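A.B. asks: So here's entry.cif (mmCIF, C-alpha atoms).
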data_work
#
loop_
_atom_site.label_atom_id
_atom_site.label_comp_id
_atom_site.auth_asym_id
_atom_site.auth_seq_id
_atom_site.Cartn_x
_atom_site.Cartn_y
_atom_site.Cartn_z
CA MET S 7 0.00 0.00 0.00
CA VAL S 8 2.76 2.46 0.90
CA MET S 9 4.57 1.80 -2.36
CA ASN S 10 1.40 2.09 -4.43
CA HIS S 11 0.36 5.35 -2.80
CA ALA S 12 3.81 6.80 -3.46
CA TRP S 13 3.58 5.96 -7.15
CA LEU S 14 0.00 7.23 -7.30
CA ALA S 15 1.20 10.61 -6.02
CA LEU S 16 3.51 10.86 -9.04
CA LEU S 17 0.62 10.11 -11.40
CA LEU S 18 -1.58 12.68 -9.67
CA SER S 19 1.09 15.34 -10.00
CA LEU S 20 1.34 14.63 -13.72
CA GLY S 21 -2.43 14.81 -14.02
CA GLU S 22 -2.43 18.18 -12.29
CA ARG S 23 0.33 19.67 -14.42
CA LEU S 24 -1.10 18.38 -17.70
CA GLY S 25 -4.75 19.18 -16.93
CA LEU S 26 -5.80 15.55 -17.34
CA HIS S 27 -8.00 15.56 -14.23
CA GLU S 28 -9.83 18.64 -15.46
CA VAL S 29 -10.45 17.12 -18.90
CA LEU S 30 -11.88 13.92 -17.42
CA ALA S 31 -14.09 15.84 -15.00
CA ALA S 32 -15.44 18.10 -17.74
CA ALA S 33 -16.32 15.24 -20.07
CA ASP S 34 -19.97 14.19 -20.24
CA ARG S 35 -19.01 10.64 -21.25
CA PRO S 36 -15.98 8.32 -21.02
CA LEU S 37 -13.05 9.28 -23.24
CA THR S 38 -10.59 7.28 -25.25
CA ALA S 39 -6.89 7.85 -24.60
CA ALA S 40 -6.72 9.67 -27.94
CA GLU S 41 -9.56 12.00 -26.96
CA LEU S 42 -8.12 12.64 -23.51
CA ALA S 43 -4.70 13.34 -24.99
CA ALA S 44 -6.06 15.68 -27.65
CA ARG S 45 -8.08 17.72 -25.16
CA ALA S 46 -5.13 18.01 -22.80
CA GLY S 47 -2.58 18.71 -25.53
CA ALA S 48 -0.51 15.63 -24.68
CA ASP S 49 0.81 12.49 -26.37
CA GLU S 50 -1.66 9.61 -26.66
CA ARG S 51 0.77 6.84 -25.75
CA TYR S 52 1.87 8.53 -22.53
CA VAL S 53 -1.72 9.41 -21.66
CA ARG S 54 -2.89 5.81 -22.14
CA GLU S 55 -0.26 4.56 -19.69
CA TRP S 56 -1.20 7.29 -17.23
CA ALA S 57 -4.92 6.51 -17.48
CA TRP S 58 -4.40 2.81 -16.80
CA GLY S 59 -2.14 3.73 -13.90
CA MET S 60 -4.90 5.89 -12.46
CA ALA S 61 -7.28 2.98 -12.96
CA ALA S 62 -4.90 0.78 -10.97
CA GLY S 63 -5.03 3.46 -8.30
CA ALA S 64 -8.84 3.28 -8.25
CA LEU S 65 -9.31 6.93 -9.26
CA VAL S 66 -10.21 6.28 -12.90
CA VAL S 67 -12.49 3.61 -14.38
CA GLY S 68 -10.96 1.97 -17.43
CA THR S 69 -13.04 -0.33 -19.64
CA VAL S 70 -12.70 -2.04 -23.00
CA ASP S 71 -15.72 -2.43 -25.27
CA GLU S 72 -16.52 -5.25 -27.67
CA ALA S 73 -14.60 -3.51 -30.43
CA GLY S 74 -11.47 -3.42 -28.27
CA ILE S 75 -11.68 0.34 -27.71
CA GLU S 76 -10.49 1.56 -24.29
CA TRP S 77 -12.57 4.13 -22.41
CA PHE S 78 -11.70 6.16 -19.33
CA ARG S 79 -13.66 8.25 -16.83
CA LEU S 80 -13.11 9.58 -13.32
CA VAL S 81 -14.50 7.50 -10.50
CA GLU S 82 -17.69 9.22 -9.41
CA GLY S 83 -17.24 11.50 -6.41
CA TYR S 84 -13.61 12.46 -7.04
CA GLU S 85 -14.25 15.64 -9.03
CA GLN S 86 -13.86 17.88 -5.97
CA ALA S 87 -10.61 16.28 -4.80
CA LEU S 88 -9.02 16.16 -8.26
CA THR S 89 -10.02 19.47 -9.83
CA ALA S 90 -10.13 23.19 -9.10
CA ARG S 91 -13.89 23.03 -8.64
CA GLY S 92 -13.12 21.62 -5.19
CA GLY S 93 -11.55 24.90 -4.04
CA ALA S 94 -9.73 24.30 -0.75
CA GLN S 95 -10.78 20.62 -0.98
CA HIS S 96 -8.83 20.17 -4.23
CA TRP S 97 -6.35 17.87 -2.53
CA SER S 98 -4.58 16.45 -5.56
CA ARG S 99 -2.93 19.83 -6.13
CA ILE S 100 -0.72 19.03 -3.12
CA THR S 101 0.97 16.23 -5.04
CA MET S 102 2.74 18.90 -7.10
CA GLN S 103 4.38 20.06 -3.87
CA VAL S 104 5.59 16.52 -3.26
CA THR S 105 7.24 16.17 -6.65
CA ALA S 106 8.71 19.69 -6.64
CA LEU S 107 10.18 19.39 -3.15
CA ALA S 108 11.52 15.92 -3.88
CA ALA S 109 14.12 17.59 -6.10
CA LEU S 110 15.69 18.93 -2.89
CA GLU S 111 16.33 15.51 -1.38
CA ASP S 112 20.12 15.78 -1.62
CA ASP S 113 19.97 19.13 0.20
CA ILE S 114 17.70 17.66 2.88
CA VAL S 115 19.95 14.65 3.41
CA ALA S 116 22.90 17.01 3.91
CA ALA S 117 20.86 19.10 6.35
CA PHE S 118 19.98 15.98 8.35
CA ARG S 119 23.66 15.18 8.70
CA THR S 120 24.90 18.66 9.54
CA GLY S 121 21.90 20.15 11.36
CA GLY S 122 22.07 23.16 9.06
CA GLY S 123 19.54 24.69 6.72
CA VAL S 124 18.93 25.00 3.00
CA SER S 125 19.38 28.23 1.07
CA ALA S 126 16.19 30.08 0.26
CA ALA S 127 17.40 30.27 -3.33
CA ARG S 128 16.74 26.54 -3.65
CA TYR S 129 13.02 27.21 -3.18
CA GLU S 130 12.62 29.39 -6.26
CA GLY S 131 11.20 28.44 -9.66
CA ARG S 132 8.69 25.61 -9.72
CA ILE S 133 8.43 25.42 -5.94
CA VAL S 134 7.07 28.99 -5.88
CA LYS S 135 4.41 28.01 -8.40
CA VAL S 136 3.24 24.90 -6.59
CA LEU S 137 3.11 26.61 -3.20
CA GLU S 138 0.91 29.26 -4.79
CA ALA S 139 -1.71 26.54 -5.33
CA GLU S 140 -1.75 25.78 -1.60
CA SER S 141 -3.08 29.03 -0.14
CA GLY S 142 -4.80 30.55 -3.16
CA PRO S 143 -8.06 28.57 -2.96
CA ILE S 144 -8.27 29.18 0.79
CA PHE S 145 -7.82 32.94 0.50
CA ALA S 146 -10.31 33.15 -2.36
CA GLN S 147 -12.91 31.31 -0.31
CA VAL S 148 -12.58 32.85 3.14
CA LEU S 149 -10.50 36.04 3.25
CA LEU S 150 -13.14 38.67 2.52
CA GLU S 151 -16.28 36.98 3.76
CA GLU S 152 -14.95 35.33 6.92
CA VAL S 153 -11.46 36.39 7.99
CA VAL S 154 -11.77 40.17 7.64
CA PRO S 155 -14.96 40.25 9.77
CA LEU S 156 -13.25 38.02 12.37
CA LEU S 157 -10.41 40.53 12.57
CA GLY S 158 -12.85 43.39 13.09
CA VAL S 159 -11.07 45.59 10.54
CA THR S 160 -13.71 45.99 7.81
CA ASP S 161 -14.49 49.63 8.58
CA LEU S 162 -10.81 50.45 9.06
CA LEU S 163 -9.94 49.00 5.66
CA ARG S 164 -12.79 50.85 4.00
CA THR S 165 -11.72 54.15 5.53
CA GLY S 166 -8.04 53.65 4.82
CA ALA S 167 -5.40 51.62 6.63
CA ARG S 168 -1.75 50.75 6.17
CA VAL S 169 -1.43 46.96 5.83
CA LEU S 170 1.66 44.73 5.86
CA ASP S 171 1.66 41.15 4.57
CA LEU S 172 4.71 39.23 5.84
CA GLY S 173 5.75 36.35 3.61
CA CYS S 174 3.25 37.48 0.97
CA GLY S 175 4.21 34.81 -1.55
CA THR S 176 2.81 35.59 -4.98
CA GLY S 177 0.51 38.29 -3.59
CA GLN S 178 -2.80 36.45 -3.55
CA ALA S 179 -4.08 37.93 -0.28
CA VAL S 180 -2.83 41.43 -1.12
CA ALA S 181 -4.49 41.25 -4.53
CA ILE S 182 -7.85 40.30 -3.03
CA LEU S 183 -7.74 42.92 -0.30
CA GLY S 184 -6.23 45.65 -2.46
CA ALA S 185 -8.99 45.32 -5.03
CA GLN S 186 -11.72 45.37 -2.37
CA PHE S 187 -10.37 48.16 -0.15
CA GLN S 188 -8.92 50.78 -2.45
CA ASN S 189 -8.61 53.45 0.25
CA SER S 190 -6.05 51.31 2.07
CA ARG S 191 -2.38 50.85 1.23
CA PHE S 192 -0.84 47.37 1.13
CA LEU S 193 2.79 46.31 1.30
CA GLY S 194 3.78 42.69 0.77
CA VAL S 195 7.27 41.40 1.55
CA ASP S 196 8.81 38.01 0.84
CA GLN S 197 12.33 36.60 0.74
CA SER S 198 11.66 35.01 -2.67
CA PRO S 199 12.44 37.17 -5.73
CA ASP S 200 10.35 34.86 -7.92
CA SER S 201 7.35 35.24 -5.60
CA VAL S 202 7.63 39.02 -5.50
CA ALA S 203 7.93 39.21 -9.28
CA ALA S 204 4.76 37.11 -9.61
CA ALA S 205 2.98 39.30 -7.04
CA ARG S 206 3.82 42.43 -9.00
CA ARG S 207 2.47 40.88 -12.18
CA ARG S 208 -0.69 39.78 -10.40
CA THR S 209 -1.42 43.28 -9.06
CA ALA S 210 -0.20 45.36 -11.97
CA GLN S 211 -3.60 47.09 -12.27
CA LEU S 212 -3.74 48.09 -8.59
CA ASP S 213 -2.12 51.37 -7.55
CA ASN S 214 -2.58 50.87 -3.79
CA VAL S 215 -0.25 47.86 -3.44
CA SER S 216 3.51 47.41 -3.49
CA PHE S 217 5.98 44.61 -2.85
CA ALA S 218 9.59 44.21 -1.73
CA VAL S 219 12.07 41.36 -1.52
CA LEU S 220 12.95 41.08 2.17
CA ASP S 221 13.99 38.37 4.61
CA ILE S 222 11.95 39.36 7.66
CA GLU S 223 14.44 37.79 10.07
CA ASP S 224 17.00 40.29 8.78
CA ALA S 225 14.80 43.40 8.81
CA LEU S 226 11.24 44.67 8.83
CA PRO S 227 9.71 47.57 6.90
CA GLN S 228 9.27 50.90 8.61
CA GLY S 229 5.87 51.21 10.29
CA PRO S 230 3.46 51.91 11.69
CA PHE S 231 0.98 49.42 10.22
CA ASP S 232 -2.67 49.19 11.23
CA LEU S 233 -2.94 45.54 10.18
CA VAL S 234 -0.14 42.97 9.88
CA MET S 235 -0.82 39.59 8.27
CA ALA S 236 1.39 36.50 8.17
CA ALA S 237 0.06 33.30 6.62
CA ASN S 238 2.05 30.14 7.44
CA VAL S 239 5.17 32.21 8.04
CA VAL S 240 5.94 32.24 11.75
CA HIS S 241 6.55 28.49 11.95
CA ASP S 242 9.26 28.87 9.26
CA LEU S 243 11.33 31.22 11.44
CA SER S 244 14.33 30.41 13.59
CA ASP S 245 13.25 32.88 16.28
CA PRO S 246 9.50 33.55 16.19
CA VAL S 247 9.43 35.38 19.52
CA GLY S 248 12.18 37.72 18.36
CA LEU S 249 10.33 38.45 15.13
CA LEU S 250 7.04 39.12 16.91
CA THR S 251 8.81 41.43 19.38
CA ARG S 252 10.24 43.47 16.51
CA LEU S 253 6.84 43.36 14.84
CA HIS S 254 5.27 44.94 17.93
CA ALA S 255 7.44 47.99 17.36
CA ILE S 256 6.08 48.61 13.85
CA THR S 257 2.45 47.86 14.62
CA ALA S 258 0.40 51.00 15.23
CA PRO S 259 -1.11 51.45 18.71
CA GLY S 260 -4.43 49.61 18.54
CA GLY S 261 -3.26 47.80 15.42
CA VAL S 262 -4.16 44.18 14.67
CA VAL S 263 -1.90 41.22 13.95
CA TYR S 264 -3.35 38.24 12.09
CA LEU S 265 -1.50 34.92 11.94
CA HIS S 266 -2.85 32.17 9.69
CA GLU S 267 -1.29 28.98 11.03
CA LEU S 268 -1.84 25.25 10.95
CA GLY S 269 -4.47 24.20 13.45
CA PHE S 270 -2.51 21.95 15.80
CA GLY S 271 -2.20 21.76 19.56
CA ASP S 272 0.77 21.10 21.83
CA ALA S 273 0.60 17.31 22.29
CA MET S 274 2.30 15.49 19.43
CA PRO S 275 0.47 12.18 20.02
CA ASP S 276 -2.80 14.06 19.50
CA ASN S 277 -1.42 15.98 16.53
CA VAL S 278 -0.31 12.89 14.64
CA ALA S 279 -3.79 11.41 14.96
CA ASP S 280 -4.99 14.20 12.68
CA PRO S 281 -5.43 12.96 9.08
CA HIS S 282 -3.38 15.90 7.78
CA SER S 283 -0.44 15.36 10.11
CA LEU S 284 1.68 13.20 7.81
CA GLY S 285 1.67 15.83 5.09
CA VAL S 286 2.40 18.63 7.56
CA LEU S 287 5.37 16.83 9.09
CA ALA S 288 6.82 15.71 5.75
CA PHE S 289 6.38 19.19 4.27
CA GLY S 290 8.07 20.61 7.35
CA ILE S 291 11.13 18.44 6.79
CA TYR S 292 11.44 19.57 3.18
CA HIS S 293 10.48 23.22 3.62
CA CYS S 294 9.89 24.69 7.09
CA LEU S 295 12.81 23.28 9.08
CA PRO S 296 15.47 23.81 6.38
CA LEU S 297 14.52 27.48 6.07
CA ALA S 298 14.45 27.99 9.84
CA ARG S 299 17.71 26.12 10.46
CA ARG S 300 19.68 28.59 8.35
CA ARG S 301 20.06 30.51 11.63
CA PRO S 302 20.41 29.48 15.26
CA GLY S 303 17.06 29.20 17.01
CA ILE S 304 14.18 26.91 17.85
CA ALA S 305 12.90 26.20 14.30
CA PRO S 306 9.33 25.53 15.51
CA GLY S 307 7.89 23.75 12.49
CA GLY S 308 4.27 23.38 11.44
CA MET S 309 3.14 21.72 14.68
CA TRP S 310 4.41 24.37 17.08
CA GLY S 311 0.90 24.55 18.55
CA ARG S 312 -1.64 27.31 19.06
CA SER S 313 -0.72 27.93 22.70
CA ALA S 314 2.90 28.53 21.63
CA TYR S 315 1.79 31.19 19.14
CA GLU S 316 -0.43 32.81 21.73
CA ALA S 317 2.35 32.83 24.34
CA ALA S 318 4.82 34.28 21.83
CA LEU S 319 2.43 37.09 20.94
CA ARG S 320 1.85 37.94 24.59
CA SER S 321 5.58 37.83 25.28
CA ALA S 322 6.09 40.29 22.43
CA GLY S 323 3.66 42.73 24.06
CA PHE S 324 0.44 42.05 22.19
CA VAL S 325 -2.90 41.78 24.00
CA ASP S 326 -6.38 40.43 23.31
CA VAL S 327 -4.80 37.30 21.85
CA VAL S 328 -7.41 34.84 20.64
CA THR S 329 -7.44 31.81 18.36
CA THR S 330 -10.46 31.02 16.22
CA ARG S 331 -11.20 29.50 12.83
CA ALA S 332 -12.90 30.71 9.71
CA PRO S 333 -15.96 28.46 9.17
CA SER S 334 -14.87 27.46 5.67
CA ASP S 335 -11.26 26.82 6.68
CA PRO S 336 -11.49 24.18 9.41
CA ASN S 337 -7.88 23.01 9.17
CA ASN S 338 -6.16 26.30 9.99
CA ASP S 339 -6.14 28.63 12.98
CA THR S 340 -6.91 32.33 12.71
CA ILE S 341 -4.81 33.85 15.51
CA ILE S 342 -5.63 37.46 16.30
CA ALA S 343 -3.77 39.90 18.55
CA ARG S 344 -3.65 43.64 19.08
CA ARG S 345 -1.05 46.14 20.15
CA PRO S 346 -2.36 48.11 23.12
CA ALA S 347 -3.84 51.44 22.15
CA VAL S 348 -1.59 53.08 24.74
CA THR S 349 2.02 52.96 23.58
CA GLY S 350 4.17 50.51 25.48
CA ARG S 351 4.25 46.85 26.38
CA SER S 352 1.35 45.42 28.34
CA GLU S 353 1.81 44.13 31.84
#
How does the structure come out when it is put into structure tokens?
C.D. replies:
Amino acid sequence: MVMNHAWLALLLSLGERLGLHEVLAAADRPLTAAELAARAGADERYVREWAWGMAAGALVVGTVDEAGIEWFRLVEGYEQALTARGGAQHWSRITMQVTALAALEDDIVAAFRTGGGVSAARYEGRIVKVLEAESGPIFAQVLLEEVVPLLGVTDLLRTGARVLDLGCGTGQAVAILGAQFQNSRFLGVDQSPDSVAAARRRTAQLDNVSFAVLDIEDALPQGPFDLVMAANVVHDLSDPVGLLTRLHAITAPGGVVYLHELGFGDAMPDNVADPHSLGVLAFGIYHCLPLARRRPGIAPGGMWGRSAYEAALRSAGFVDVVTTRAPSDPNNDTIIARRPAVTGRSE
């Protein structure tokens, strides 16, 4: 089973990149390999082998009629998991992360032996593109309708606020918010030049957004900011408490900090019982820990736990720290904190 699932992940990644899942889901009848290949713009012989492989994996039904013609269709009920129509439940998109990160295996083996990290430059190119597919569907589904109201900043954003997005990636959140709240100003920073270039392309028509290449453990932009966002960033840091302490200094009095983090607790035996835990831990080995271990520190990883985030925010001087979840995003925590309206650290 383990071996078969590993090979199936490779087939799913190919199906994602070539659009084969989408073609099968859109078809109103079974397709031949030739039809599937033509609609996806791929070679028939390769597609036939892929389709039978997916049939062996029980995700595609493959049949042969009396004339010897082979027909293929998705197994009923898998359209959401295998195509973009599933939104945040489009799980097969994650297989592209697996295959992209697997190219770093030599780097990861070296890191295991030395205890060091992996250069951020190794995470450029295709890895930027596949990670974009991770958060994009979530932001599109919940950011405006659920997260912004939870943060209590709707009126502030409408009136005009200064917003910082730490680890902005390819600018998906900034693009959504910048288009909706044009009286506010948005700055996104990320250590990845490829991500920032993509973010600038994405928001080329918006004049209230800007981006900069910046490693936030080296420096932070000059504040003050009324809202600071960081989605799946803090657990990639070597020193999250130090970063949050510096962040306190550039958050405006009364300003809000929003952390979007994986929804795990403090007890690892409980965490690994979660059906998503294997992916989180494996991803952490290939991405989170190697980035954090570039510097001395704790390198918290994706299962640092909500109470650790809350304690770090309080230690940094933030108040009104609360963890909740957007209704349509049950797997991630929305952690909210505020800098006291009166300047100075809280007691």
A.B. asks: Can you spell out as an MDAnalysis selection string the set of residues that the PyMOL selection byres ((chain S and resi 64) around 12) selects in the structure I just provided?
C.D. replies: chainID S and resid 10:11 14 18 57:63 65:68 78:84
A.B. asks: Within 6 Å of stretch 212-225 of chain S, counting all atoms listed in the file, which residues show up once you throw out same-chain ones fewer than 4 positions away? Write them as a PyMOL selection string, please.
C.D. replies: chain S and resi 191-197+199
A.B. asks: Between S:Val239, S:Ile114, S:Ile341, S:Leu319, which one has atoms that come closest to S:Gly307, using only C-alpha atoms?
C.D. replies: S:Val239
A.B. asks: Considering all atoms listed in the file, state which residue in the set S:Ala33, S:His293, S:Leu26, S:Gly123 is at the smallest distance from S:Val53.
C.D. replies: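 Among S:Ala33, S:His293, S:Leu26, S:Gly123, it is S:Leu26 that comes nearest to S:Val53.
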A.B. asks: How many Å lie between atom CA of S:His266 and atom CA of S:Asp339, rounded to one decimal?
C.D. replies: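 Separation of atom CA of S:His266 and atom CA of S:Asp339: 5.8 Å.
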